[in-house]
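*Asks:* Input structure: structure-v2.cif, which contains mmCIF, C-alpha atoms.
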data_start
loop_
_atom_site.group_PDB
_atom_site.id
_atom_site.type_symbol
_atom_site.label_atom_id
_atom_site.label_comp_id
_atom_site.auth_asym_id
_atom_site.auth_seq_id
_atom_site.Cartn_x
_atom_site.Cartn_y
_atom_site.Cartn_z
ATOM 1 C CA MET M 24 -12.043 20.393 30.457
ATOM 2 C CA PRO M 25 -13.501 19.530 33.851
ATOM 3 C CA ALA M 26 -11.123 19.958 36.757
ATOM 4 C CA ASN M 27 -12.221 16.640 38.225
ATOM 5 C CA LYS M 28 -10.583 14.550 35.519
ATOM 6 C CA TYR M 29 -7.841 12.230 36.746
ATOM 7 C CA HIS M 30 -4.292 13.569 36.780
ATOM 8 C CA TRP M 31 -1.092 11.576 37.284
ATOM 9 C CA GLU M 32 -1.227 12.200 41.028
ATOM 10 C CA ASP M 33 -4.476 10.230 41.246
ATOM 11 C CA PHE M 34 -2.809 6.912 40.387
ATOM 12 C CA ALA M 35 -1.433 4.667 43.113
ATOM 13 C CA VAL M 36 0.348 1.333 42.909
ATOM 14 C CA GLY M 37 -2.072 -1.528 43.471
ATOM 15 C CA GLN M 38 -5.211 0.186 42.152
ATOM 16 C CA VAL M 39 -7.290 -2.305 40.135
ATOM 17 C CA ARG M 40 -9.937 -1.179 37.649
ATOM 18 C CA GLU M 41 -12.549 -3.317 35.886
ATOM 19 C CA LEU M 42 -13.075 -1.692 32.495
ATOM 20 C CA GLY M 43 -16.016 -3.480 30.928
ATOM 21 C CA THR M 44 -16.450 -6.224 28.351
ATOM 22 C CA VAL M 45 -16.473 -6.703 24.590
ATOM 23 C CA THR M 46 -17.863 -9.587 22.509
ATOM 24 C CA PRO M 47 -16.422 -9.650 18.969
ATOM 25 C CA THR M 48 -18.527 -11.185 16.218
ATOM 26 C CA ARG M 49 -17.233 -13.399 13.422
ATOM 27 C CA GLU M 50 -17.904 -10.536 11.005
ATOM 28 C CA GLU M 51 -15.835 -8.088 13.091
ATOM 29 C CA ILE M 52 -12.961 -10.573 13.407
ATOM 30 C CA ILE M 53 -12.921 -11.144 9.644
ATOM 31 C CA ALA M 54 -13.243 -7.413 8.886
ATOM 32 C CA PHE M 55 -10.221 -6.526 11.043
ATOM 33 C CA ALA M 56 -8.150 -9.406 9.690
ATOM 34 C CA SER M 57 -9.057 -8.630 6.077
ATOM 35 C CA GLN M 58 -7.638 -5.143 6.533
ATOM 36 C CA PHE M 59 -4.642 -5.783 8.787
ATOM 37 C CA ASP M 60 -3.818 -9.465 9.321
ATOM 38 C CA PRO M 61 -5.091 -11.597 6.404
ATOM 39 C CA GLN M 62 -3.754 -14.952 7.570
ATOM 40 C CA PRO M 63 -5.991 -17.978 6.837
ATOM 41 C CA PHE M 64 -6.748 -18.767 10.502
ATOM 42 C CA HIS M 65 -8.236 -15.258 10.943
ATOM 43 C CA LEU M 66 -10.339 -15.365 7.757
ATOM 44 C CA ASP M 67 -11.499 -18.814 6.768
ATOM 45 C CA ASN M 68 -13.417 -21.365 8.861
ATOM 46 C CA GLU M 69 -12.018 -24.452 7.178
ATOM 47 C CA ALA M 70 -8.410 -23.277 7.159
ATOM 48 C CA ALA M 71 -8.755 -22.248 10.801
ATOM 49 C CA LYS M 72 -10.141 -25.637 11.837
ATOM 50 C CA ALA M 73 -7.034 -27.285 10.394
ATOM 51 C CA SER M 74 -4.720 -24.805 12.152
ATOM 52 C CA VAL M 75 -3.115 -24.918 15.605
ATOM 53 C CA PHE M 76 -5.948 -22.680 16.865
ATOM 54 C CA GLY M 77 -8.725 -25.168 16.032
ATOM 55 C CA GLY M 78 -11.103 -22.493 14.758
ATOM 56 C CA LEU M 79 -11.359 -19.022 13.303
ATOM 57 C CA CYS M 80 -9.850 -16.568 15.823
ATOM 58 C CA ALA M 81 -9.104 -12.855 16.128
ATOM 59 C CA SER M 82 -5.819 -11.262 15.137
ATOM 60 C CA GLY M 83 -3.799 -10.519 18.257
ATOM 61 C CA TRP M 84 -3.733 -6.886 17.156
ATOM 62 C CA HIS M 85 -7.529 -6.896 17.075
ATOM 63 C CA THR M 86 -7.531 -8.132 20.684
ATOM 64 C CA CYS M 87 -5.183 -5.271 21.655
ATOM 65 C CA ALA M 88 -7.360 -2.768 19.792
ATOM 66 C CA MET M 89 -10.491 -4.027 21.581
ATOM 67 C CA ALA M 90 -8.709 -3.653 24.935
ATOM 68 C CA MET M 91 -7.733 -0.103 23.968
ATOM 69 C CA ARG M 92 -11.329 0.749 23.123
ATOM 70 C CA LEU M 93 -12.467 -0.485 26.551
ATOM 71 C CA ILE M 94 -9.849 1.535 28.398
ATOM 72 C CA VAL M 95 -10.641 4.706 26.444
ATOM 73 C CA THR M 96 -14.425 4.390 26.877
ATOM 74 C CA HIS M 97 -14.414 3.327 30.511
ATOM 75 C CA PHE M 98 -11.445 5.235 31.853
ATOM 76 C CA LEU M 99 -9.046 7.309 29.718
ATOM 77 C CA GLN M 100 -11.716 9.743 28.580
ATOM 78 C CA ASP M 101 -11.992 10.777 32.231
ATOM 79 C CA THR M 102 -8.259 11.424 32.524
ATOM 80 C CA PHE M 103 -5.674 13.864 31.208
ATOM 81 C CA SER M 104 -4.156 11.099 29.065
ATOM 82 C CA LEU M 105 -1.111 12.008 26.979
ATOM 83 C CA GLY M 106 -0.552 8.734 25.120
ATOM 84 C CA SER M 107 1.974 5.962 25.644
ATOM 85 C CA PRO M 108 5.689 5.483 24.898
ATOM 86 C CA GLY M 109 5.304 1.710 24.699
ATOM 87 C CA LEU M 110 5.064 -1.663 26.403
ATOM 88 C CA GLU M 111 7.456 -3.715 28.512
ATOM 89 C CA SER M 112 5.857 -6.951 27.291
ATOM 90 C CA LEU M 113 2.801 -8.402 25.574
ATOM 91 C CA LYS M 114 1.518 -11.991 25.613
ATOM 92 C CA TRP M 115 -1.267 -13.494 23.519
ATOM 93 C CA LEU M 116 -2.049 -16.448 25.774
ATOM 94 C CA LYS M 117 -5.153 -18.019 24.214
ATOM 95 C CA PRO M 118 -7.025 -17.590 20.939
ATOM 96 C CA VAL M 119 -10.077 -15.275 20.911
ATOM 97 C CA PHE M 120 -13.031 -16.859 19.103
ATOM 98 C CA PRO M 121 -16.217 -15.223 17.731
ATOM 99 C CA GLY M 122 -18.747 -14.703 20.526
ATOM 100 C CA ASP M 123 -16.163 -14.817 23.321
ATOM 101 C CA THR M 124 -16.864 -12.171 25.946
ATOM 102 C CA LEU M 125 -13.646 -10.514 27.057
ATOM 103 C CA ARG M 126 -13.331 -8.431 30.193
ATOM 104 C CA LEU M 127 -10.469 -6.016 30.828
ATOM 105 C CA GLN M 128 -8.808 -5.511 34.195
ATOM 106 C CA VAL M 129 -6.056 -2.905 34.618
ATOM 107 C CA THR M 130 -3.723 -2.771 37.644
ATOM 108 C CA VAL M 131 -1.306 0.077 38.432
ATOM 109 C CA LEU M 132 2.200 -1.393 38.840
ATOM 110 C CA GLU M 133 4.370 1.713 39.169
ATOM 111 C CA THR M 134 4.177 5.509 38.959
ATOM 112 C CA LYS M 135 7.025 7.939 38.373
ATOM 113 C CA PRO M 136 7.531 11.528 37.264
ATOM 114 C CA MET M 137 8.897 12.162 33.775
ATOM 115 C CA SER M 138 12.219 13.844 34.298
ATOM 116 C CA ARG M 139 12.350 15.691 30.971
ATOM 117 C CA HIS M 140 8.786 16.998 31.261
ATOM 118 C CA PRO M 141 7.891 18.561 34.641
ATOM 119 C CA ASP M 142 4.178 18.621 33.802
ATOM 120 C CA VAL M 143 3.967 14.926 32.825
ATOM 121 C CA GLY M 144 3.961 11.755 34.909
ATOM 122 C CA MET M 145 4.083 8.108 33.899
ATOM 123 C CA THR M 146 2.246 5.039 35.147
ATOM 124 C CA ARG M 147 3.103 1.424 34.375
ATOM 125 C CA ASN M 148 0.027 -0.765 34.157
ATOM 126 C CA LEU M 149 -0.811 -4.436 33.799
ATOM 127 C CA TRP M 150 -3.635 -5.015 31.306
ATOM 128 C CA GLU M 151 -5.299 -8.404 31.563
ATOM 129 C CA MET M 152 -8.166 -9.697 29.428
ATOM 130 C CA PHE M 153 -10.093 -12.800 30.435
ATOM 131 C CA ASN M 154 -12.705 -14.699 28.426
ATOM 132 C CA GLN M 155 -16.056 -16.005 29.709
ATOM 133 C CA ARG M 156 -14.362 -19.225 30.830
ATOM 134 C CA GLY M 157 -11.950 -17.278 33.041
ATOM 135 C CA ASP M 158 -8.967 -17.997 30.788
ATOM 136 C CA LYS M 159 -6.529 -15.112 30.452
ATOM 137 C CA VAL M 160 -6.191 -14.307 26.742
ATOM 138 C CA LEU M 161 -4.075 -11.114 26.888
ATOM 139 C CA HIS M 162 -1.343 -9.950 29.268
ATOM 140 C CA MET M 163 0.274 -6.556 28.648
ATOM 141 C CA ASP M 164 2.647 -4.560 30.809
ATOM 142 C CA GLY M 165 2.920 -1.008 29.515
ATOM 143 C CA TRP M 166 3.364 2.674 30.167
ATOM 144 C CA SER M 167 0.896 5.571 30.047
ATOM 145 C CA MET M 168 1.543 9.304 30.359
ATOM 146 C CA PHE M 169 -0.731 11.739 32.190
ATOM 147 C CA ARG M 170 -0.685 15.437 32.927
ATOM 148 C CA ARG M 171 0.391 16.322 36.463
ATOM 149 C CA ARG M 172 -1.937 18.420 38.581
ATOM 150 C CA THR M 173 1.117 20.082 40.117
ATOM 151 C CA PRO M 174 4.122 20.302 37.821
ATOM 152 C CA ALA M 175 7.519 19.553 39.351
ATOM 153 C CA SER M 176 9.472 22.657 40.289
ATOM 154 C CA ALA M 177 11.791 23.776 37.538
ATOM 155 C CA VAL M 178 15.358 23.048 38.649
ATOM 156 C CA MET S 263 0.472 -25.611 -0.071
ATOM 157 C CA PRO S 264 3.634 -25.211 -2.121
ATOM 158 C CA ALA S 265 6.633 -27.024 -0.724
ATOM 159 C CA ASN S 266 8.815 -23.979 -1.332
ATOM 160 C CA LYS S 267 7.207 -21.910 1.403
ATOM 161 C CA TYR S 268 9.537 -20.900 4.206
ATOM 162 C CA HIS S 269 9.805 -23.213 7.195
ATOM 163 C CA TRP S 270 11.436 -22.447 10.547
ATOM 164 C CA GLU S 271 14.746 -23.885 9.318
ATOM 165 C CA ASP S 272 14.962 -21.146 6.678
ATOM 166 C CA PHE S 273 15.457 -18.361 9.244
ATOM 167 C CA ALA S 274 18.928 -17.345 10.364
ATOM 168 C CA VAL S 275 20.066 -14.764 12.875
ATOM 169 C CA GLY S 276 21.005 -11.521 11.166
ATOM 170 C CA GLN S 277 18.693 -11.842 8.151
ATOM 171 C CA VAL S 278 17.185 -8.440 7.300
ATOM 172 C CA ARG S 279 14.043 -8.095 5.195
ATOM 173 C CA GLU S 280 12.553 -4.913 3.722
ATOM 174 C CA LEU S 281 8.801 -5.449 3.700
ATOM 175 C CA GLY S 282 7.335 -2.519 1.795
ATOM 176 C CA THR S 283 5.678 0.743 2.714
ATOM 177 C CA VAL S 284 2.289 2.095 3.766
ATOM 178 C CA THR S 285 0.956 5.677 3.681
ATOM 179 C CA PRO S 286 -2.071 6.137 5.958
ATOM 180 C CA THR S 287 -4.561 8.853 5.049
ATOM 181 C CA ARG S 288 -6.295 11.181 7.501
ATOM 182 C CA GLU S 289 -9.534 9.308 6.840
ATOM 183 C CA GLU S 290 -7.939 5.935 7.635
ATOM 184 C CA ILE S 291 -6.384 7.283 10.846
ATOM 185 C CA ILE S 292 -9.724 8.697 11.992
ATOM 186 C CA ALA S 293 -11.613 5.525 11.006
ATOM 187 C CA PHE S 294 -9.318 3.286 13.051
ATOM 188 C CA ALA S 295 -9.340 5.653 16.029
ATOM 189 C CA SER S 296 -13.127 6.057 15.923
ATOM 190 C CA GLN S 297 -13.478 2.311 16.296
ATOM 191 C CA PHE S 298 -10.633 1.457 18.668
ATOM 192 C CA ASP S 299 -8.888 4.488 20.194
ATOM 193 C CA PRO S 300 -11.204 7.526 20.267
ATOM 194 C CA GLN S 301 -8.855 9.955 22.010
ATOM 195 C CA PRO S 302 -9.039 13.586 20.824
ATOM 196 C CA PHE S 303 -5.497 13.666 19.369
ATOM 197 C CA HIS S 304 -6.405 10.776 17.011
ATOM 198 C CA LEU S 305 -9.747 12.262 15.891
ATOM 199 C CA ASP S 306 -9.843 16.035 15.883
ATOM 200 C CA ASN S 307 -7.466 18.458 14.161
ATOM 201 C CA GLU S 308 -7.871 21.300 16.646
ATOM 202 C CA ALA S 309 -7.598 19.124 19.759
ATOM 203 C CA ALA S 310 -4.562 17.422 18.250
ATOM 204 C CA LYS S 311 -2.829 20.733 17.494
ATOM 205 C CA ALA S 312 -3.120 21.660 21.171
ATOM 206 C CA SER S 313 -1.795 18.237 22.278
ATOM 207 C CA VAL S 314 1.746 17.040 22.922
ATOM 208 C CA PHE S 315 1.773 15.534 19.420
ATOM 209 C CA GLY S 316 1.230 18.852 17.627
ATOM 210 C CA GLY S 317 -1.208 17.411 15.086
ATOM 211 C CA LEU S 318 -3.646 14.627 14.387
ATOM 212 C CA CYS S 319 -1.752 11.321 14.569
ATOM 213 C CA ALA S 320 -2.445 7.591 14.305
ATOM 214 C CA SER S 321 -3.263 5.363 17.247
ATOM 215 C CA GLY S 322 -0.200 3.337 18.180
ATOM 216 C CA TRP S 323 -2.314 0.216 17.645
ATOM 217 C CA HIS S 324 -3.065 1.377 14.114
ATOM 218 C CA THR S 325 0.682 1.648 13.482
ATOM 219 C CA CYS S 326 1.152 -1.928 14.747
ATOM 220 C CA ALA S 327 -1.740 -3.133 12.582
ATOM 221 C CA MET S 328 -0.244 -1.455 9.501
ATOM 222 C CA ALA S 329 3.109 -3.144 10.215
ATOM 223 C CA MET S 330 1.302 -6.480 10.530
ATOM 224 C CA ARG S 331 -0.374 -5.985 7.173
ATOM 225 C CA LEU S 332 2.985 -5.323 5.517
ATOM 226 C CA ILE S 333 4.592 -8.415 7.011
ATOM 227 C CA VAL S 334 1.648 -10.637 6.013
ATOM 228 C CA THR S 335 1.478 -9.306 2.446
ATOM 229 C CA HIS S 336 5.200 -9.189 1.773
ATOM 230 C CA PHE S 337 6.408 -12.175 3.751
ATOM 231 C CA LEU S 338 4.218 -14.299 6.052
ATOM 232 C CA GLN S 339 1.950 -15.479 3.263
ATOM 233 C CA ASP S 340 5.002 -17.222 1.819
ATOM 234 C CA THR S 341 5.749 -19.018 5.089
ATOM 235 C CA PHE S 342 4.245 -21.726 7.273
ATOM 236 C CA SER S 343 3.360 -19.105 9.902
ATOM 237 C CA LEU S 344 1.674 -20.371 13.067
ATOM 238 C CA GLY S 345 1.017 -17.065 14.850
ATOM 239 C CA SER S 346 2.802 -15.386 17.750
ATOM 240 C CA PRO S 347 2.908 -15.896 21.526
ATOM 241 C CA GLY S 348 3.776 -12.234 22.126
ATOM 242 C CA LEU S 349 6.360 -9.467 22.266
ATOM 243 C CA GLU S 350 9.382 -8.780 24.452
ATOM 244 C CA SER S 351 8.922 -5.027 24.034
ATOM 245 C CA LEU S 352 7.197 -2.371 21.955
ATOM 246 C CA LYS S 353 8.095 1.318 21.599
ATOM 247 C CA TRP S 354 6.066 4.038 19.886
ATOM 248 C CA LEU S 355 8.923 6.467 19.296
ATOM 249 C CA LYS S 356 7.380 9.223 17.162
ATOM 250 C CA PRO S 357 3.847 10.175 16.138
ATOM 251 C CA VAL S 358 2.584 8.966 12.746
ATOM 252 C CA PHE S 359 0.835 11.745 10.811
ATOM 253 C CA PRO S 360 -1.517 11.524 7.794
ATOM 254 C CA GLY S 361 0.482 11.137 4.592
ATOM 255 C CA ASP S 362 3.590 9.795 6.317
ATOM 256 C CA THR S 363 5.136 6.951 4.356
ATOM 257 C CA LEU S 364 6.255 4.175 6.686
ATOM 258 C CA ARG S 365 8.636 1.402 5.679
ATOM 259 C CA LEU S 366 9.012 -1.820 7.617
ATOM 260 C CA GLN S 367 12.304 -3.605 8.187
ATOM 261 C CA VAL S 368 12.420 -6.926 10.035
ATOM 262 C CA THR S 369 15.622 -8.477 11.408
ATOM 263 C CA VAL S 370 15.956 -12.024 12.784
ATOM 264 C CA LEU S 371 17.415 -11.833 16.319
ATOM 265 C CA GLU S 372 17.179 -15.420 17.527
ATOM 266 C CA THR S 373 15.806 -18.820 16.499
ATOM 267 C CA LYS S 374 15.057 -21.786 18.734
ATOM 268 C CA PRO S 375 13.003 -24.992 18.664
ATOM 269 C CA MET S 376 9.797 -25.133 20.674
ATOM 270 C CA SER S 377 10.386 -27.830 23.246
ATOM 271 C CA ARG S 378 6.734 -28.771 23.783
ATOM 272 C CA HIS S 379 5.965 -28.981 20.063
ATOM 273 C CA PRO S 380 8.519 -30.949 17.999
ATOM 274 C CA ASP S 381 7.029 -29.708 14.730
ATOM 275 C CA VAL S 382 7.188 -25.984 15.637
ATOM 276 C CA GLY S 383 10.088 -23.551 15.845
ATOM 277 C CA MET S 384 10.272 -19.978 17.088
ATOM 278 C CA THR S 385 12.034 -16.899 15.779
ATOM 279 C CA ARG S 386 12.549 -13.638 17.652
ATOM 280 C CA ASN S 387 12.444 -10.629 15.338
ATOM 281 C CA LEU S 388 13.056 -6.905 15.517
ATOM 282 C CA TRP S 389 10.378 -4.939 13.658
ATOM 283 C CA GLU S 390 11.352 -1.353 12.830
ATOM 284 C CA MET S 391 9.203 1.197 11.013
ATOM 285 C CA PHE S 392 10.749 4.405 9.685
ATOM 286 C CA ASN S 393 8.963 7.422 8.215
ATOM 287 C CA GLN S 394 9.947 9.330 5.062
ATOM 288 C CA ARG S 395 12.284 11.541 7.130
ATOM 289 C CA GLY S 396 14.202 8.479 8.359
ATOM 290 C CA ASP S 397 12.839 8.783 11.900
ATOM 291 C CA LYS S 398 12.104 5.474 13.570
ATOM 292 C CA VAL S 399 8.448 5.504 14.643
ATOM 293 C CA LEU S 400 8.006 1.893 15.822
ATOM 294 C CA HIS S 401 10.378 -0.574 17.503
ATOM 295 C CA MET S 402 9.082 -4.035 18.373
ATOM 296 C CA ASP S 403 10.928 -7.106 19.562
ATOM 297 C CA GLY S 404 8.691 -10.157 19.314
ATOM 298 C CA TRP S 405 8.279 -13.850 18.662
ATOM 299 C CA SER S 406 6.854 -15.767 15.698
ATOM 300 C CA MET S 407 6.135 -19.465 15.333
ATOM 301 C CA PHE S 408 6.695 -21.475 12.153
ATOM 302 C CA ARG S 409 6.280 -25.081 11.126
ATOM 303 C CA ARG S 410 9.504 -27.067 11.018
ATOM 304 C CA ARG S 411 10.469 -28.826 7.804
ATOM 305 C CA THR S 412 11.939 -31.622 9.873
ATOM 306 C CA PRO S 413 10.275 -32.187 13.239
ATOM 307 C CA ALA S 414 12.545 -32.867 16.203
ATOM 308 C CA SER S 415 12.853 -36.544 17.056
ATOM 309 C CA ALA S 416 10.384 -37.634 19.695
ATOM 310 C CA VAL S 417 12.319 -38.327 22.903
#
Can you present the structure in this file as structure tokens?
*Replies:*
Amino acid sequence: MPANKYHWEDFAVGQVRELGTVTPTREEIIAFASQFDPQPFHLDNEAAKASVFGGLCASGWHTCAMAMRLIVTHFLQDTFSLGSPGLESLKWLKPVFPGDTLRLQVTVLETKPMSRHPDVGMTRNLWEMFNQRGDKVLHMDGWSMFRRRTPASAV
Amino acid sequence: MPANKYHWEDFAVGQVRELGTVTPTREEIIAFASQFDPQPFHLDNEAAKASVFGGLCASGWHTCAMAMRLIVTHFLQDTFSLGSPGLESLKWLKPVFPGDTLRLQVTVLETKPMSRHPDVGMTRNLWEMFNQRGDKVLHMDGWSMFRRRTPASAV
């Protein structure tokens, strides 16, 4: 792998990255929901119009998955990413409708070494997705693990 | 819709529901990752063997989506579900490998009315997925919204 990929040491609190956009179609929203979240407001126009959402909208898990795809394509593939242990919080703030264009912005909130693994460091990041109207639709605060360029000294 | 569907009033703290099992195949894991989380350890056997996970494993978002499918099929379709505002926390505790059989258990942690919407109530639930070895692979603490059978009196 190229030596110029990002390691844990390359992350600093306050860094903000714009990681591209995605525009889900009605067909993609229905395909995801049919497989993983077959509730009427994700599948059927008429049922969705009568729902609290006012129209057919994406599963929240689909929105998370689309955010993940953006971060992998536009950033993680250039890092020594080692996965994630989880999230501190997740908020689905607004429905995502077919044709909405969502942009992802990721901000580094915290970095710390991983005590049990001297060659791994953690970063805590805020993931925010906004639609074309500027409304925030997704707010996630979660952890990522990265290889360290310089492992901590064994104690 | 049948009147005997579950409303918000039917949830009580401490209720535990077993909501079935799912066994993802290698092909399903690769298909999800190809679309939403194309990191080497979710796509390629050899790269995954060399990774911290020790073998090809499912995207954490795929695990969440599989849990969602179980709760919709085995429970939410019998309720007046109104979606979710988000999660308090989410932990991916162990990798999910092809052929693992995951069972979902959901426990009601808290219920409260929704002050802004007299006809909606919220429940906070613990979602736990365990594999066939009894290891917990997913731990989520999140909110769901349901229609109330009896709306709060307008003040």
*Asks:* Can you turn the PyMOL selection byres ((chain M and resi 97) around 12) into a concrete residue list for this file, as number ranges by chain?
*Replies:* M: 40-45, 90-96, 98-102, 126-129; S: 299-300
*Asks:* Could you work out how far CA of Leu305 (chain S) lies from CA of Trp354 (chain S), giving the answer in Å with one decimal?
*Replies:*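 Spanning CA of Trp354 (chain S) to CA of Leu305 (chain S) is a straight-line distance of 18.3 Å.
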*Asks:* Using all atoms listed in the file, which protein or nucleic acid residues come within 6 Å of Ser346 (chain S)? Drop anything in the same chain fewer than 3 positions from it, and give the result as a VMD selection string.
*Replies:* chain S and resid 405 to 407
*Asks:* Separation of CA of Ala293 (chain S) and CA of Thr325 (chain S), in Å?
*Replies:*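 So the answer is 13.1 Å.
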*Asks:* Kindly extract all protein, DNA and RNA residues lying within 7 Å of the coordinates (0.8, -8.1, 29.7) given in the file, considering all atoms listed in the file, and supply them as number ranges by chain.
*Replies:* M: 112-114, 149-151, 161-164
*Asks:* What do you get, as a PyMOL selection string, if you spell out every residue that the PyMOL selection byres ((chain M and resi 46) around 7) selects here?
*Replies:* chain M and resi 44-45+47-48+122-125
*Asks:* Closest to His65 (chain M) among M:Gly165, M:Arg171, M:Leu110, M:Phe120, using all atoms listed in the file?
*Replies:*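 Residue with the minimum atom-to-atom distance to His65 (chain M): M:Phe120.
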